[in-house]
Amino acid sequence: SYILAEWDTFFAGILSSIQDKELAYLQIYNILGQVTEKGFIPNVSSQRGKTEDRSQPPVGAYCIYKLYKQFMEKELLEKTFDTLLRWHNWWWIYRDGNKDGLLEWGSDPYPEGVRLGYDAHSLNAAKLESGLDNSPMYDEATFNDETNTMELADVGLNSLFALDAWALARIASEIGRIDLAQELDNEYEHLKYKINKFLWNEKKGIYLNRYWDGRFSFRISPTCFYPMIAGIATEHQAKLMVKKHLLNPEEFWGEYVIPSNSRSEKEFNDNFYWRGRIWGPMNFLVCEGLKRYGFYDTAYSFSKKSLNLFRKEWEEKGHIHENYNCITGEGDDVPSSDSFYHWGALLAYIAVSEVIEVQAWGGIRLGNLSGKECFVENYPIGNSLYSIFINGGMRVTRNGEDYIMTDKPVLITDFRIEYGIMSFSVISKVPVNIRINLPEGISKIVVRSGADTREYSSPDRTITLSV
């Protein structure tokens, strides 16, 4: 029989996109096709039925918008928007138990006559909705039988829900639903305000979950960094979190990253599922946030550590694990880690993204600042295949033809072609020469380097510039 889990399948779509666009789309269409009568995407859907009581982390709109930025096919947006919006609105109705504008994980009673064999309407079922089944963050949480929710506003949920609003606003704008786009942008700004006002703890220098009685929960996990992927943190908050917590070897930094709860908590030593082990989806979401805030050096180190972890059992045994030991890097050390589970490959995906990716908040990203030898071949963007070779400088080909060449390490971000103009930003630690062979139809280049913006054009379709 088959089984589809919600956020697992959205991430499967992201993973598939760098090899097979059609498979990526099918993943998306299949999981959205499991929508319940209430309008949410269930935690689990299978031949036995669906979890009618609960959903899982709302990452769908972000994943779909990221796929759209890669292939630029509006049909994907048009086919998915209404279902995504209905699911988004469900959270407001069913998961703001105390009506304070912040969400909690929960679980509804099963509809009359439905008995799937799954736990429901309990604290345990609400934990399952979080996707972090046994996380110590919820060890002291209580479940409210009347509201069907935990009595705990969750940083991870509210950040991903805000990200959902942000992505939906951009999808709505792309397909001409302008009024809805403005409404969703307003909602995003409101959520951003609420999260910063009630879930940020300046003394601790990090976002924290908060109980309904106003107390902070001082359990910290990678979800406390999710306000970065959602663009919620200020520059001050982001820098403080990265320096004080992410790069702190007593909490999250180490040979392998990032543990599912702080190394300083006794539950880290449990090394069981979401207690102390490393998970691909957490690494993906945290690393996306680092890049959104421009922590490119940290993101590079983070990605390298993730890749080393991935390669350890892949090269030894051909395993791609559901989760990994944070100290030894092993996956086989416990029976509760599936040895061939797709989202373990997110550890390698974020390493590929250090060479080439399409960023949801911008355009194409090319290269990195390390200059270390690496390459990615035949990465699909739109109807073209890109290959990148880095060894000190960088060489980019498009459909087999030289496209961009540099003589020093460089990071090109927000690369896009619109209305006959190629534009991009350049980040480099040293002066760099860039040669560009212009494709047909491009008459001008706009280059941003820090506060400096320059325009270039050439009659022979080749431009060399120094920045």
# chains A, B, ... in the order shown; residues from 1 in each chain; ligands from 1

call {"tool": "residues_around", "arguments": {"residues": "stretch 280-285 of chain A", "least_positions_apart": "6", "cutoff": "8 Å", "atoms": "only C-alpha atoms", "output": "ChimeraX atom specification"}}
result
/A:11,222-223,226,229,257-258,260,306,322-323,343-347,350

call {"tool": "select_by_dssp", "arguments": {"residues": "stretch 253-362 of chain A", "states": "helix (DSSP H, G or I)", "output": "PyMOL selection string"}}
result
chain A and resi 266-270+280-292+296-317+342-352

call {"tool": "residues_around", "arguments": {"residues": "A:Ser443", "least_positions_apart": "6", "cutoff": "7 Å", "atoms": "only C-alpha atoms", "output": "list in words"}}
result
Gly420, Ile421 and Ser457 of chain A

call {"tool": "write_last_selection", "arguments": {"atoms": "C-alpha atoms", "output": "PDB file, in the first residue's frame"}}
result
ATOM      1  CA  GLY A 420      15.706  42.330 -22.390  1.00  0.00           C
ATOM      2  CA  ILE A 421      17.898  43.200 -19.385  1.00  0.00           C
ATOM      3  CA  SER A 457      26.142  47.002 -23.109  1.00  0.00           C
TER       4      SER A 457
END

call {"tool": "select_by_dssp", "arguments": {"residues": "stretch 371-427 of chain A", "states": "strand (DSSP E or B)", "output": "JSON, numbers by chain"}}
result
{"A": [374, 375, 376, 377, 378, 379, 380, 381, 384, 385, 386, 387, 388, 389, 390, 391, 393, 394, 395, 396, 397, 398, 401, 402, 403, 404, 405, 406, 411, 412, 413, 414, 415, 416, 417, 418, 421, 422, 423, 424, 425, 426, 427]}

call {"tool": "closest_residue", "arguments": {"among": "A:Asn383, A:Ser370, A:Ser262, A:Thr147", "to": "A:Leu246", "atoms": "only C-alpha atoms"}}
result
A:Ser262

call {"tool": "atom_distance", "arguments": {"atom1": "atom CA of A:Pro249", "atom2": "atom CA of A:Leu208"}}
result
19.6 Å

call {"tool": "atom_distance", "arguments": {"atom1": "atom CA of A:Glu146", "atom2": "atom CA of A:Trp274"}}
result
27.8 Å

call {"tool": "atom_distance", "arguments": {"atom1": "atom CA of A:Asn186", "atom2": "atom CA of A:Arg210"}}
result
23.7 Å

call {"tool": "residues_around", "arguments": {"residues": "A:Glu255", "least_positions_apart": "3", "cutoff": "9 Å", "atoms": "only C-alpha atoms", "output": "PyMOL selection string"}}
result
chain A and resi 305+309+326-329

call {"tool": "write_last_selection", "arguments": {"atoms": "N, CA and C atoms", "output": "compact mmCIF listing (two decimals), in the first residue's frame"}}
result
# COMPACT_ATOMS: atom_id res chain seq x y z
N LYS A 305 29.27 20.76 6.35
CA LYS A 305 29.07 19.80 7.45
C LYS A 305 27.91 18.86 7.13
N LEU A 309 28.14 14.73 6.55
CA LEU A 309 27.25 13.80 7.25
C LEU A 309 26.55 12.88 6.26
N CYS A 326 24.15 12.82 16.02
CA CYS A 326 24.82 14.12 15.96
C CYS A 326 26.30 14.04 16.34
N ILE A 327 26.69 13.03 17.09
CA ILE A 327 28.08 12.91 17.53
C ILE A 327 28.91 12.08 16.56
N THR A 328 28.40 10.92 16.17
CA THR A 328 29.17 9.99 15.33
C THR A 328 28.89 10.13 13.84
N GLY A 329 27.77 10.75 13.49
CA GLY A 329 27.37 10.86 12.09
C GLY A 329 26.74 9.60 11.53

call {"tool": "residues_around", "arguments": {"residues": "A:His342", "least_positions_apart": "4", "cutoff": "12 Å", "atoms": "only C-alpha atoms", "output": "ChimeraX atom specification"}}
result
/A:5,7-16,279-281,310,319-323,337-338,346-349

call {"tool": "residues_around", "arguments": {"residues": "A:Lys372", "least_positions_apart": "6", "cutoff": "7 Å", "atoms": "only C-alpha atoms", "output": "PyMOL selection string"}}
result
chain A and resi 390-392

call {"tool": "residues_around", "arguments": {"residues": "A:Lys204", "least_positions_apart": "6", "cutoff": "9 Å", "atoms": "only C-alpha atoms", "output": "ChimeraX atom specification"}}
result
/A:218,241,244

call {"tool": "write_last_selection", "arguments": {"atoms": "N, CA and C atoms", "output": "short mmCIF file (atom, residue, chain, number, x, y, z; two decimals), in the first residue's frame"}}
result
data_model
loop_
_atom_site.label_atom_id
_atom_site.label_comp_id
_atom_site.auth_asym_id
_atom_site.auth_seq_id
_atom_site.Cartn_x
_atom_site.Cartn_y
_atom_site.Cartn_z
N PHE A 218 11.85 27.62 27.74
CA PHE A 218 13.26 27.83 27.43
C PHE A 218 13.90 26.62 26.75
N MET A 241 21.20 35.59 17.12
CA MET A 241 20.88 34.16 17.13
C MET A 241 22.02 33.32 16.56
N LYS A 244 25.22 33.71 19.05
CA LYS A 244 25.04 33.25 20.43
C LYS A 244 24.59 31.80 20.52
#

call {"tool": "closest_residue", "arguments": {"among": "A:Thr406, A:Ser135, A:Ser221, A:Asn144", "to": "A:Asn98", "atoms": "only C-alpha atoms"}}
result
A:Asn144

call {"tool": "closest_atom_pairs", "arguments": {"of": "stretch 391-414 of chain A", "to": "stretch 362-365 of chain A", "cutoff": "6 Å", "atoms": "only C-alpha atoms", "output": "CSV"}}
result
residue,atom,partner,partner_atom,distance
A:Ile412,CA,A:Arg365,CA,5.7
A:Thr413,CA,A:Arg365,CA,4.4
A:Asp414,CA,A:Gly363,CA,3.9
